[in-house]
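Engineer: This is the content of final-v7.cif (mmCIF, C-alpha atoms, pLDDT in the B column; chains and numbers go by the auth columns):
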data_work
#
loop_
_atom_site.group_PDB
_atom_site.id
_atom_site.type_symbol
_atom_site.label_atom_id
_atom_site.label_comp_id
_atom_site.label_asym_id
_atom_site.label_seq_id
_atom_site.Cartn_x
_atom_site.Cartn_y
_atom_site.Cartn_z
_atom_site.B_iso_or_equiv
_atom_site.auth_seq_id
_atom_site.auth_asym_id
ATOM 1 C CA MET A 1 230.216 -18.151 -43.789 51.00 1 A
ATOM 2 C CA LYS A 2 228.257 -20.972 -45.368 48.00 2 A
ATOM 3 C CA LYS A 3 229.782 -20.289 -48.791 48.00 3 A
ATOM 4 C CA GLN A 4 233.270 -20.299 -47.283 49.00 4 A
ATOM 5 C CA PHE A 5 232.563 -23.636 -45.595 40.00 5 A
ATOM 6 C CA LEU A 6 231.318 -25.167 -48.853 42.00 6 A
ATOM 7 C CA PHE A 7 234.378 -23.854 -50.712 42.00 7 A
ATOM 8 C CA THR A 8 236.713 -25.357 -48.097 45.00 8 A
ATOM 9 C CA LEU A 9 234.854 -28.684 -48.194 42.00 9 A
ATOM 10 C CA THR A 10 234.993 -28.755 -51.988 48.00 10 A
ATOM 11 C CA LEU A 11 238.709 -27.971 -51.947 42.00 11 A
ATOM 12 C CA LEU A 12 239.402 -30.746 -49.435 44.00 12 A
ATOM 13 C CA PHE A 13 237.366 -33.216 -51.486 42.00 13 A
ATOM 14 C CA THR A 14 239.246 -32.238 -54.659 46.00 14 A
ATOM 15 C CA LEU A 15 242.627 -32.639 -52.961 43.00 15 A
ATOM 16 C CA PHE A 16 241.576 -36.022 -51.545 41.00 16 A
ATOM 17 C CA SER A 17 240.410 -37.205 -54.970 45.00 17 A
ATOM 18 C CA PHE A 18 243.666 -36.039 -56.553 42.00 18 A
ATOM 19 C CA ALA A 19 245.649 -37.844 -53.889 41.00 19 A
ATOM 20 C CA GLN A 20 243.638 -41.004 -54.517 41.00 20 A
ATOM 21 C CA GLU A 21 244.329 -40.827 -58.240 41.00 21 A
ATOM 22 C CA THR A 22 248.055 -40.265 -57.810 41.00 22 A
ATOM 23 C CA ALA A 23 248.498 -42.692 -54.920 39.00 23 A
ATOM 24 C CA THR A 24 250.375 -45.766 -56.026 44.00 24 A
ATOM 25 C CA ASP A 25 251.021 -49.222 -54.708 56.00 25 A
ATOM 26 C CA ASP A 26 254.511 -50.147 -53.629 89.00 26 A
ATOM 27 C CA THR A 27 254.588 -53.246 -55.844 92.00 27 A
ATOM 28 C CA VAL A 28 255.439 -53.612 -59.517 95.00 28 A
ATOM 29 C CA LYS A 29 253.789 -56.444 -61.417 95.00 29 A
ATOM 30 C CA GLY A 30 254.576 -57.405 -64.976 95.00 30 A
ATOM 31 C CA ILE A 31 255.687 -60.043 -67.438 96.00 31 A
ATOM 32 C CA VAL A 32 259.004 -60.821 -69.118 97.00 32 A
ATOM 33 C CA VAL A 33 258.992 -62.072 -72.717 96.00 33 A
ATOM 34 C CA ASN A 34 261.483 -63.081 -75.382 95.00 34 A
ATOM 35 C CA ALA A 35 261.982 -60.094 -77.685 93.00 35 A
ATOM 36 C CA GLN A 36 262.147 -62.310 -80.787 92.00 36 A
ATOM 37 C CA THR A 37 259.220 -64.683 -80.132 94.00 37 A
ATOM 38 C CA ASP A 38 257.159 -62.640 -77.655 95.00 38 A
ATOM 39 C CA LEU A 39 256.810 -65.799 -75.559 96.00 39 A
ATOM 40 C CA PRO A 40 256.922 -65.538 -71.756 96.00 40 A
ATOM 41 C CA MET A 41 260.193 -66.414 -70.011 96.00 41 A
ATOM 42 C CA ASP A 42 260.307 -68.192 -66.661 95.00 42 A
ATOM 43 C CA ASN A 43 263.120 -68.123 -64.084 94.00 43 A
ATOM 44 C CA VAL A 44 264.253 -64.638 -65.114 94.00 44 A
ATOM 45 C CA HIS A 45 265.875 -62.872 -62.173 93.00 45 A
ATOM 46 C CA VAL A 46 264.361 -59.507 -61.271 94.00 46 A
ATOM 47 C CA LEU A 47 266.291 -57.296 -58.843 94.00 47 A
ATOM 48 C CA ASN A 48 265.416 -54.018 -57.189 94.00 48 A
ATOM 49 C CA LEU A 49 268.874 -52.416 -57.071 93.00 49 A
ATOM 50 C CA ASN A 50 267.817 -49.686 -54.641 92.00 50 A
ATOM 51 C CA GLN A 51 266.102 -51.860 -52.036 91.00 51 A
ATOM 52 C CA VAL A 52 268.339 -54.913 -52.655 91.00 52 A
ATOM 53 C CA LEU A 53 265.431 -57.268 -53.249 91.00 53 A
ATOM 54 C CA GLY A 54 265.119 -60.115 -55.718 92.00 54 A
ATOM 55 C CA THR A 55 262.560 -62.452 -57.260 93.00 55 A
ATOM 56 C CA ILE A 56 262.136 -64.690 -60.345 93.00 56 A
ATOM 57 C CA THR A 57 259.433 -64.942 -62.994 96.00 57 A
ATOM 58 C CA ASN A 58 256.993 -67.871 -62.924 95.00 58 A
ATOM 59 C CA GLU A 59 256.028 -70.213 -65.772 94.00 59 A
ATOM 60 C CA GLU A 60 253.876 -67.475 -67.330 96.00 60 A
ATOM 61 C CA GLY A 61 256.780 -65.022 -67.196 96.00 61 A
ATOM 62 C CA ALA A 62 255.006 -62.986 -64.511 96.00 62 A
ATOM 63 C CA PHE A 63 256.800 -61.291 -61.638 96.00 63 A
ATOM 64 C CA GLU A 64 255.932 -59.160 -58.610 95.00 64 A
ATOM 65 C CA ILE A 65 258.460 -57.122 -56.655 95.00 65 A
ATOM 66 C CA SER A 66 258.371 -54.350 -54.061 94.00 66 A
ATOM 67 C CA ALA A 67 259.405 -51.000 -55.530 95.00 67 A
ATOM 68 C CA LYS A 68 258.976 -47.249 -55.321 94.00 68 A
ATOM 69 C CA VAL A 69 259.100 -44.499 -57.929 94.00 69 A
ATOM 70 C CA ASN A 70 262.652 -44.026 -59.278 94.00 70 A
ATOM 71 C CA ASP A 71 263.842 -47.419 -58.034 95.00 71 A
ATOM 72 C CA THR A 72 265.798 -49.334 -60.680 95.00 72 A
ATOM 73 C CA LEU A 73 264.733 -52.860 -61.668 96.00 73 A
ATOM 74 C CA TYR A 74 267.387 -55.111 -63.198 95.00 74 A
ATOM 75 C CA PHE A 75 266.428 -58.128 -65.331 95.00 75 A
ATOM 76 C CA SER A 76 268.939 -60.929 -65.893 92.00 76 A
ATOM 77 C CA PHE A 77 268.869 -64.311 -67.615 92.00 77 A
ATOM 78 C CA ILE A 78 271.683 -66.537 -68.884 87.00 78 A
ATOM 79 C CA GLY A 79 272.179 -66.112 -72.617 88.00 79 A
ATOM 80 C CA TYR A 80 270.218 -62.851 -72.750 92.00 80 A
ATOM 81 C CA LYS A 81 271.290 -59.236 -72.562 91.00 81 A
ATOM 82 C CA SER A 82 270.622 -57.800 -69.109 91.00 82 A
ATOM 83 C CA PHE A 83 268.126 -54.959 -68.950 89.00 83 A
ATOM 84 C CA SER A 84 267.414 -52.235 -66.377 92.00 84 A
ATOM 85 C CA VAL A 85 264.458 -49.870 -66.111 94.00 85 A
ATOM 86 C CA ARG A 86 263.530 -47.046 -63.735 94.00 86 A
ATOM 87 C CA VAL A 87 260.179 -47.424 -61.938 95.00 87 A
ATOM 88 C CA THR A 88 257.555 -44.820 -62.866 93.00 88 A
ATOM 89 C CA ASN A 89 254.139 -43.872 -61.449 92.00 89 A
ATOM 90 C CA ASP A 90 252.434 -45.583 -64.389 91.00 90 A
ATOM 91 C CA MET A 91 254.241 -48.850 -63.691 92.00 91 A
ATOM 92 C CA LEU A 92 252.977 -48.813 -60.119 92.00 92 A
ATOM 93 C CA LYS A 93 249.461 -47.682 -61.035 89.00 93 A
ATOM 94 C CA PHE A 94 248.605 -49.918 -63.999 88.00 94 A
ATOM 95 C CA GLN A 95 250.601 -53.056 -63.038 85.00 95 A
ATOM 96 C CA ASN A 96 251.002 -54.249 -66.637 86.00 96 A
ATOM 97 C CA THR A 97 254.715 -53.768 -67.211 90.00 97 A
ATOM 98 C CA LYS A 98 256.043 -55.774 -70.134 94.00 98 A
ATOM 99 C CA VAL A 99 259.791 -56.333 -70.406 95.00 99 A
ATOM 100 C CA SER A 100 261.444 -57.854 -73.486 94.00 100 A
ATOM 101 C CA LEU A 101 264.848 -59.528 -73.230 95.00 101 A
ATOM 102 C CA THR A 102 267.072 -59.939 -76.279 93.00 102 A
ATOM 103 C CA GLU A 103 268.985 -63.155 -76.793 91.00 103 A
ATOM 104 C CA MET A 104 272.736 -62.755 -77.081 85.00 104 A
ATOM 105 C CA ALA A 105 274.609 -64.336 -79.993 72.00 105 A
ATOM 106 C CA TYR A 106 277.673 -66.326 -79.081 51.00 106 A
ATOM 107 C CA ALA A 107 280.312 -67.490 -81.544 44.00 107 A
ATOM 108 C CA LEU A 108 281.250 -71.067 -80.721 48.00 108 A
ATOM 109 C CA GLU A 109 284.907 -71.930 -81.084 51.00 109 A
ATOM 110 C CA ASP A 110 286.498 -75.344 -81.479 54.00 110 A
ATOM 111 C CA VAL A 111 287.778 -76.752 -78.230 52.00 111 A
ATOM 112 C CA VAL A 112 290.502 -79.364 -78.222 58.00 112 A
ATOM 113 C CA VAL A 113 290.242 -81.810 -75.334 57.00 113 A
ATOM 114 C CA ARG A 114 293.411 -83.681 -74.475 61.00 114 A
ATOM 115 C CA PRO A 115 293.118 -86.582 -71.990 62.00 115 A
ATOM 116 C CA PHE A 116 295.701 -86.935 -69.252 58.00 116 A
ATOM 117 C CA GLN A 117 298.054 -89.842 -69.672 67.00 117 A
ATOM 118 C CA LEU A 118 298.194 -91.499 -66.272 66.00 118 A
ATOM 119 C CA THR A 119 301.258 -93.570 -65.393 69.00 119 A
ATOM 120 C CA GLY A 120 299.778 -95.367 -62.426 68.00 120 A
ATOM 121 C CA TYR A 121 302.254 -93.785 -60.031 68.00 121 A
ATOM 122 C CA LEU A 122 300.459 -91.436 -57.651 71.00 122 A
ATOM 123 C CA GLU A 123 303.459 -89.185 -57.049 71.00 123 A
ATOM 124 C CA ILE A 124 303.984 -88.584 -60.774 68.00 124 A
ATOM 125 C CA ASP A 125 300.300 -88.356 -61.787 63.00 125 A
ATOM 126 C CA SER A 126 299.452 -85.907 -58.988 66.00 126 A
ATOM 127 C CA LYS A 127 302.094 -83.488 -60.291 65.00 127 A
ATOM 128 C CA ASN A 128 300.774 -83.634 -63.872 67.00 128 A
ATOM 129 C CA ILE A 129 297.105 -82.966 -63.077 62.00 129 A
ATOM 130 C CA PRO A 130 296.399 -79.198 -62.973 59.00 130 A
ATOM 131 C CA ILE A 131 295.063 -77.924 -59.678 58.00 131 A
ATOM 132 C CA SER A 132 293.383 -74.576 -59.076 56.00 132 A
ATOM 133 C CA ASN A 133 295.857 -72.231 -57.454 55.00 133 A
ATOM 134 C CA ALA A 134 293.212 -70.298 -55.553 54.00 134 A
ATOM 135 C CA PRO A 135 290.302 -72.343 -54.192 54.00 135 A
ATOM 136 C CA ARG A 136 288.027 -70.595 -51.724 53.00 136 A
ATOM 137 C CA TYR A 137 287.613 -72.476 -48.441 51.00 137 A
ATOM 138 C CA SER A 138 285.064 -72.024 -45.689 51.00 138 A
ATOM 139 C CA ILE A 139 284.295 -73.737 -42.392 43.00 139 A
ATOM 140 C CA SER A 140 280.722 -74.842 -41.763 43.00 140 A
ATOM 141 C CA GLY A 141 279.106 -72.783 -39.016 45.00 141 A
ATOM 142 C CA LEU A 142 281.596 -69.933 -39.285 45.00 142 A
ATOM 143 C CA ASN A 143 280.983 -66.829 -41.361 50.00 143 A
ATOM 144 C CA ILE A 144 284.590 -66.654 -42.538 50.00 144 A
ATOM 145 C CA GLY A 145 286.656 -68.114 -45.327 55.00 145 A
ATOM 146 C CA TYR A 146 290.120 -67.995 -46.754 51.00 146 A
ATOM 147 C CA GLU A 147 291.840 -68.378 -50.073 59.00 147 A
ATOM 148 C CA GLY A 148 294.473 -70.992 -50.686 46.00 148 A
ATOM 149 C CA GLY A 149 297.399 -70.408 -53.006 42.00 149 A
ATOM 150 C CA LYS A 150 299.597 -67.399 -53.574 45.00 150 A
ATOM 151 C CA SER A 151 298.090 -63.962 -53.267 47.00 151 A
ATOM 152 C CA SER A 152 298.446 -61.361 -55.952 49.00 152 A
ATOM 153 C CA THR A 153 300.832 -58.527 -55.144 48.00 153 A
ATOM 154 C CA THR A 154 301.195 -55.990 -57.906 47.00 154 A
ATOM 155 C CA GLY A 155 303.571 -53.069 -58.080 44.00 155 A
ATOM 156 C CA ILE A 156 300.694 -50.692 -57.429 47.00 156 A
ATOM 157 C CA THR A 157 299.611 -52.656 -54.363 49.00 157 A
ATOM 158 C CA SER A 158 303.132 -52.612 -52.947 44.00 158 A
ATOM 159 C CA ALA A 159 303.506 -48.884 -53.553 45.00 159 A
ATOM 160 C CA LEU A 160 300.196 -48.048 -51.926 47.00 160 A
ATOM 161 C CA GLY A 161 300.946 -50.338 -49.015 50.00 161 A
ATOM 162 C CA ALA A 162 304.169 -48.449 -48.390 42.00 162 A
ATOM 163 C CA LEU A 163 302.475 -45.046 -48.482 46.00 163 A
ATOM 164 C CA PHE A 164 299.373 -45.645 -46.366 48.00 164 A
ATOM 165 C CA ASN A 165 298.555 -47.404 -43.157 55.00 165 A
ATOM 166 C CA PRO A 166 295.827 -50.132 -43.437 52.00 166 A
ATOM 167 C CA ALA A 167 292.971 -47.782 -42.527 55.00 167 A
ATOM 168 C CA ASP A 168 294.044 -45.177 -45.115 64.00 168 A
ATOM 169 C CA PHE A 169 294.636 -47.882 -47.689 61.00 169 A
ATOM 170 C CA LEU A 170 291.152 -49.387 -47.368 65.00 170 A
ATOM 171 C CA HIS A 171 289.537 -45.949 -47.119 69.00 171 A
ATOM 172 C CA LYS A 172 290.827 -45.282 -50.643 70.00 172 A
ATOM 173 C CA LEU A 173 288.805 -48.310 -51.771 69.00 173 A
ATOM 174 C CA PHE A 174 285.566 -47.968 -49.839 76.00 174 A
ATOM 175 C CA GLY A 175 285.450 -44.461 -48.371 74.00 175 A
ATOM 176 C CA LYS A 176 284.152 -42.877 -51.570 72.00 176 A
ATOM 177 C CA LYS A 177 281.365 -45.474 -51.986 74.00 177 A
ATOM 178 C CA PRO A 178 279.771 -45.822 -48.527 76.00 178 A
ATOM 179 C CA LYS A 179 276.192 -46.190 -49.811 77.00 179 A
ATOM 180 C CA GLN A 180 277.110 -48.899 -52.290 77.00 180 A
ATOM 181 C CA MET A 181 279.176 -50.834 -49.788 79.00 181 A
ATOM 182 C CA ARG A 182 276.451 -50.690 -47.133 79.00 182 A
ATOM 183 C CA LYS A 183 274.374 -52.835 -49.473 83.00 183 A
ATOM 184 C CA LEU A 184 276.755 -55.755 -48.971 85.00 184 A
ATOM 185 C CA ARG A 185 275.093 -57.042 -45.813 84.00 185 A
ATOM 186 C CA LYS A 186 271.622 -56.848 -47.380 86.00 186 A
ATOM 187 C CA MET A 187 272.881 -58.720 -50.419 89.00 187 A
ATOM 188 C CA GLN A 188 274.389 -61.462 -48.276 86.00 188 A
ATOM 189 C CA GLU A 189 271.186 -61.884 -46.265 87.00 189 A
ATOM 190 C CA ASN A 190 268.909 -62.157 -49.323 87.00 190 A
ATOM 191 C CA ASP A 191 268.605 -65.806 -50.404 87.00 191 A
ATOM 192 C CA GLU A 192 267.263 -64.916 -53.867 85.00 192 A
ATOM 193 C CA ILE A 193 270.248 -62.681 -54.586 90.00 193 A
ATOM 194 C CA ARG A 194 272.748 -65.200 -53.194 90.00 194 A
ATOM 195 C CA SER A 195 271.220 -67.923 -55.369 87.00 195 A
ATOM 196 C CA LEU A 196 271.432 -65.678 -58.431 88.00 196 A
ATOM 197 C CA LEU A 197 275.045 -64.639 -57.817 90.00 197 A
ATOM 198 C CA SER A 198 276.152 -68.244 -57.269 89.00 198 A
ATOM 199 C CA SER A 199 275.284 -68.977 -60.916 87.00 199 A
ATOM 200 C CA LYS A 200 276.958 -65.864 -62.333 89.00 200 A
ATOM 201 C CA PHE A 201 280.562 -65.401 -63.433 89.00 201 A
ATOM 202 C CA ASP A 202 280.393 -62.233 -65.537 88.00 202 A
ATOM 203 C CA ARG A 203 280.334 -59.663 -62.655 91.00 203 A
ATOM 204 C CA GLU A 204 277.611 -57.670 -64.451 90.00 204 A
ATOM 205 C CA THR A 205 274.849 -58.331 -61.919 91.00 205 A
ATOM 206 C CA LEU A 206 277.197 -57.787 -58.983 91.00 206 A
ATOM 207 C CA ALA A 207 278.442 -54.544 -60.518 91.00 207 A
ATOM 208 C CA ALA A 208 274.852 -53.361 -61.009 91.00 208 A
ATOM 209 C CA LEU A 209 273.969 -54.109 -57.383 90.00 209 A
ATOM 210 C CA LEU A 210 277.051 -52.333 -56.038 87.00 210 A
ATOM 211 C CA GLN A 211 276.776 -49.517 -58.618 85.00 211 A
ATOM 212 C CA VAL A 212 280.393 -49.892 -59.687 85.00 212 A
ATOM 213 C CA ASN A 213 281.939 -51.096 -62.937 87.00 213 A
ATOM 214 C CA THR A 214 283.472 -54.537 -63.389 89.00 214 A
ATOM 215 C CA ASN A 215 287.008 -53.141 -63.545 88.00 215 A
ATOM 216 C CA GLU A 216 286.556 -51.586 -60.109 87.00 216 A
ATOM 217 C CA ILE A 217 285.550 -54.995 -58.724 90.00 217 A
ATOM 218 C CA ASP A 218 288.815 -56.515 -59.980 89.00 218 A
ATOM 219 C CA ASP A 219 290.797 -53.590 -58.557 85.00 219 A
ATOM 220 C CA ILE A 220 289.156 -53.932 -55.139 85.00 220 A
ATOM 221 C CA LEU A 221 289.957 -57.642 -55.005 87.00 221 A
ATOM 222 C CA ARG A 222 293.574 -57.102 -56.011 85.00 222 A
ATOM 223 C CA TYR A 223 294.015 -54.319 -53.453 82.00 223 A
ATOM 224 C CA CYS A 224 292.518 -56.665 -50.848 83.00 224 A
ATOM 225 C CA ASN A 225 295.273 -59.138 -51.788 83.00 225 A
ATOM 226 C CA TYR A 226 293.210 -61.764 -53.634 88.00 226 A
ATOM 227 C CA SER A 227 295.027 -63.689 -56.329 87.00 227 A
ATOM 228 C CA ASP A 228 294.407 -63.331 -60.061 86.00 228 A
ATOM 229 C CA ASP A 229 293.421 -67.026 -60.172 87.00 229 A
ATOM 230 C CA PHE A 230 290.674 -66.421 -57.623 89.00 230 A
ATOM 231 C CA ILE A 231 289.468 -63.288 -59.435 89.00 231 A
ATOM 232 C CA LYS A 232 289.211 -65.166 -62.731 88.00 232 A
ATOM 233 C CA SER A 233 287.640 -68.402 -61.456 89.00 233 A
ATOM 234 C CA ALA A 234 285.338 -67.375 -58.593 91.00 234 A
ATOM 235 C CA ASN A 235 281.613 -66.958 -59.129 91.00 235 A
ATOM 236 C CA ASP A 236 279.864 -63.701 -58.265 93.00 236 A
ATOM 237 C CA LEU A 237 278.744 -64.976 -54.854 92.00 237 A
ATOM 238 C CA GLN A 238 282.328 -65.801 -53.870 91.00 238 A
ATOM 239 C CA ILE A 239 283.391 -62.373 -55.123 92.00 239 A
ATOM 240 C CA LEU A 240 280.622 -60.783 -53.020 91.00 240 A
ATOM 241 C CA ASP A 241 281.812 -62.609 -49.897 90.00 241 A
ATOM 242 C CA ALA A 242 285.425 -61.621 -50.584 90.00 242 A
ATOM 243 C CA ILE A 243 284.576 -57.924 -51.003 89.00 243 A
ATOM 244 C CA SER A 244 282.363 -58.062 -47.929 88.00 244 A
ATOM 245 C CA ALA A 245 285.170 -59.535 -45.818 87.00 245 A
ATOM 246 C CA CYS A 246 287.524 -56.790 -46.963 85.00 246 A
ATOM 247 C CA TYR A 247 284.900 -54.119 -46.293 86.00 247 A
ATOM 248 C CA GLU A 248 284.293 -55.440 -42.763 84.00 248 A
ATOM 249 C CA GLU A 249 288.041 -55.118 -42.164 81.00 249 A
ATOM 250 C CA TYR A 250 287.887 -51.532 -43.427 79.00 250 A
ATOM 251 C CA LYS A 251 285.050 -50.680 -41.031 78.00 251 A
ATOM 252 C CA VAL A 252 286.953 -52.082 -38.043 78.00 252 A
ATOM 253 C CA LEU A 253 290.152 -50.256 -38.929 73.00 253 A
ATOM 254 C CA ASN A 254 288.291 -47.050 -39.715 70.00 254 A
ATOM 255 C CA ARG A 255 286.463 -47.216 -36.374 71.00 255 A
ATOM 256 C CA ASN A 256 289.695 -47.786 -34.423 69.00 256 A
ATOM 257 C CA ASN A 257 291.418 -44.972 -36.287 66.00 257 A
ATOM 258 C CA LYS A 258 288.891 -42.346 -35.158 62.00 258 A
#
Could you express the structure from this file as structure tokens?
Structural biologist:
Amino acid sequence: MKKQFLFTLTLLFTLFSFAQETATDDTVKGIVVNAQTDLPMDNVHVLNLNQVLGTITNEEGAFEISAKVNDTLYFSFIGYKSFSVRVTNDMLKFQNTKVSLTEMAYALEDVVVRPFQLTGYLEIDSKNIPISNAPRYSISGLNIGYEGGKSSTTGITSALGALFNPADFLHKLFGKKPKQMRKLRKMQENDEIRSLLSSKFDRETLAALLQVNTNEIDDILRYCNYSDDFIKSANDLQILDAISACYEEYKVLNRNNK
């Protein structure tokens, strides 16, 4: 009986020790450096794509973000190639993750700037100055906005609109990606992510967060009747708000259709 008790105690102690060794923190700490110079980089955006969390590196290039095993961290900085990495047990245990970002090479082209020749007559000059066809407006205090200018209506959009009712039409867009689209509200409520997206125009970060490709983002906006001018000129935060508004419409229609 005594031997059996000692064996059980030893087994429990071994299991506890093993659990202690494999237990990991829920925070990843590391440093981001320039791949060419190995110098630390500050203000690099670090996103946890699974938990929809964001942070930036400090002056020493260090960062700290909540994460679990198999979460994906996405690193982004203007002028550098974005980088993503899957969180491992070692990253959580040793807290010394080092991420290197590679600078992107851009070919600069000559740009010809032609000044506008003003006549002094407001009616004439106002017609000659180009104006954006699709500015995005919002009213302070209200969580809504609208797009000025003509909306884009393609042949595909018209055909689909004739075949499906609104609920079916939007279900084709969002019904197959419920998990990705449910992230929209979290993304809108996270100030770090909103700040990041407001400075982006390439759709890469937004696509990574939503787990879609950039072409799908353009398709969603066109199907939701946003103009090509808006799609081309809006920043990623405006695109996020536009997709979110369309998704909220889908949820209402889908709920009423049940």
Engineer: Please provide the set of residues having any atom within 12 Å of A:Tyr247, restricted to all atoms listed in the file, with same-chain residues fewer than 3 positions apart removed, written as a ChimeraX atom specification.
Structural biologist: /A:166-167,169-175,177-178,180-185,220-221,223-224,240-244,250-254
Engineer: What's the separation between atom CA of A:Phe94 and atom CA of A:Asp26, in Å to one decimal place?
Structural biologist: 11.9 Å
Engineer: List, as a list of chain:residue names, every residue that the PyMOL selection byres ((chain A and resi 186-199) around 8) selects in the file provided.
Structural biologist: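 Output of the PyMOL selection byres ((chain A and resi 186-199) around 8): A:His45, A:Leu47, A:Val52, A:Leu53, A:Gly54, A:Thr55, A:Arg182, A:Lys183, A:Leu184, A:Arg185, A:Lys200, A:Phe201, A:Thr205, A:Leu206, A:Asn235, A:Asp236, A:Leu237, A:Gln238, A:Leu240, A:Asp241.
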Engineer: Quick one: which residues end up in the PyMOL selection byres ((chain A and resi 84) around 6) for this structure, as a ChimeraX atom specification?
Structural biologist: /A:73-74,83,85
Engineer: Would you compute the distance between atom CA of A:Glu59 and atom CA of A:Asp42? Give it in Å to one decimal.
Structural biologist: 4.8 Å
Engineer: Determine the nearest neighbour of A:Val28 from the options A:Ser227, A:Ser82, A:Asn70, A:Asn213, counting all atoms listed in the file.
Structural biologist: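 The shortest atom-to-atom distance to A:Val28 comes from A:Asn70.
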Engineer: Got a sec: who's within 10 Å of A:Val87, counting all atoms listed in the file, leaving out chain neighbours fewer than 6 positions off, as a list of chain:residue names?
Structural biologist: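 The residues that qualify are A:Val28, A:Asn48, A:Ala67, A:Lys68, A:Val69, A:Asn70, A:Asp71, A:Thr72, A:Leu73, A:Thr97.
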Engineer: Provide the atom CA of A:Arg86 to atom CA of A:Leu39 distance in Å, to one decimal place.
Structural biologist: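 These two atoms are separated by 23.2 Å.
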Engineer: Within 6 Å of (258.1, -61.2, -65.2) (file coordinates; all atoms listed in the file), which protein or nucleic acid residues are there? I'd like them as a ChimeraX atom specification.
Structural biologist: /A:30-32,57,61-63
Engineer: Of the residues A:Ile239, A:Val44, A:Ala35, A:Leu92, which is the one nearest to A:Leu210, using all atoms listed in the file?
Structural biologist: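 Of all the options, A:Ile239 lies closest to A:Leu210.
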Engineer: Could you check which of A:Cys246, A:Met41, A:Leu209, A:Leu49 is closest to A:Lys98, using all atoms listed in the file?
Structural biologist: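 Under the stated criterion, the closest residue is A:Met41.
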Engineer: Hey, which of A:Ser100, A:Arg255, A:Phe230, A:Gly79 ends up closest to A:Asn34? Count only C-alpha atoms.
Structural biologist: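 Nearest to A:Asn34: A:Ser100.
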Engineer: Extract stretch 93-104 of chain A from the structure I just pasted (atoms: N, CA, C and O atoms) and return it as a PDB file, in the first residue's frame.
Structural biologist:
ATOM      1  N   LYS A  93       7.569  30.653 -24.705  1.00  0.00           N
ATOM      2  CA  LYS A  93       8.382  30.242 -23.559  1.00  0.00           C
ATOM      3  C   LYS A  93       9.633  31.098 -23.389  1.00  0.00           C
ATOM      4  O   LYS A  93       9.950  31.537 -22.283  1.00  0.00           O
ATOM      5  N   PHE A  94      10.348  31.360 -24.487  1.00  0.00           N
ATOM      6  CA  PHE A  94      11.647  32.027 -24.380  1.00  0.00           C
ATOM      7  C   PHE A  94      11.563  33.549 -24.554  1.00  0.00           C
ATOM      8  O   PHE A  94      12.465  34.275 -24.169  1.00  0.00           O
ATOM      9  N   GLN A  95      10.500  34.060 -25.169  1.00  0.00           N
ATOM     10  CA  GLN A  95      10.277  35.505 -25.263  1.00  0.00           C
ATOM     11  C   GLN A  95      11.458  36.269 -25.869  1.00  0.00           C
ATOM     12  O   GLN A  95      11.834  37.338 -25.391  1.00  0.00           O
ATOM     13  N   ASN A  96      12.073  35.706 -26.894  1.00  0.00           N
ATOM     14  CA  ASN A  96      13.200  36.388 -27.547  1.00  0.00           C
ATOM     15  C   ASN A  96      13.045  36.369 -29.064  1.00  0.00           C
ATOM     16  O   ASN A  96      14.022  36.263 -29.805  1.00  0.00           O
ATOM     17  N   THR A  97      11.819  36.474 -29.521  1.00  0.00           N
ATOM     18  CA  THR A  97      11.548  36.411 -30.956  1.00  0.00           C
ATOM     19  C   THR A  97      12.205  37.584 -31.677  1.00  0.00           C
ATOM     20  O   THR A  97      12.048  38.746 -31.281  1.00  0.00           O
ATOM     21  N   LYS A  98      12.905  37.264 -32.747  1.00  0.00           N
ATOM     22  CA  LYS A  98      13.540  38.298 -33.564  1.00  0.00           C
ATOM     23  C   LYS A  98      12.974  38.217 -34.976  1.00  0.00           C
ATOM     24  O   LYS A  98      13.029  37.175 -35.623  1.00  0.00           O
ATOM     25  N   VAL A  99      12.414  39.322 -35.437  1.00  0.00           N
ATOM     26  CA  VAL A  99      11.793  39.379 -36.760  1.00  0.00           C
ATOM     27  C   VAL A  99      12.549  40.376 -37.625  1.00  0.00           C
ATOM     28  O   VAL A  99      12.794  41.513 -37.208  1.00  0.00           O
ATOM     29  N   SER A 100      12.930  39.950 -38.826  1.00  0.00           N
ATOM     30  CA  SER A 100      13.655  40.821 -39.757  1.00  0.00           C
ATOM     31  C   SER A 100      12.747  41.207 -40.910  1.00  0.00           C
ATOM     32  O   SER A 100      12.139  40.337 -41.548  1.00  0.00           O
ATOM     33  N   LEU A 101      12.649  42.502 -41.180  1.00  0.00           N
ATOM     34  CA  LEU A 101      11.848  42.999 -42.295  1.00  0.00           C
ATOM     35  C   LEU A 101      12.766  43.460 -43.414  1.00  0.00           C
ATOM     36  O   LEU A 101      13.788  44.116 -43.181  1.00  0.00           O
ATOM     37  N   THR A 102      12.385  43.113 -44.640  1.00  0.00           N
ATOM     38  CA  THR A 102      13.188  43.437 -45.820  1.00  0.00           C
ATOM     39  C   THR A 102      12.625  44.660 -46.513  1.00  0.00           C
ATOM     40  O   THR A 102      11.422  44.742 -46.786  1.00  0.00           O
ATOM     41  N   GLU A 103      13.504  45.607 -46.797  1.00  0.00           N
ATOM     42  CA  GLU A 103      13.084  46.836 -47.464  1.00  0.00           C
ATOM     43  C   GLU A 103      12.719  46.549 -48.913  1.00  0.00           C
ATOM     44  O   GLU A 103      13.410  45.801 -49.602  1.00  0.00           O
ATOM     45  N   MET A 104      11.637  47.156 -49.360  1.00  0.00           N
ATOM     46  CA  MET A 104      11.191  46.973 -50.737  1.00  0.00           C
ATOM     47  C   MET A 104      11.847  48.018 -51.626  1.00  0.00           C
ATOM     48  O   MET A 104      12.038  49.166 -51.230  1.00  0.00           O
TER      49      MET A 104
END
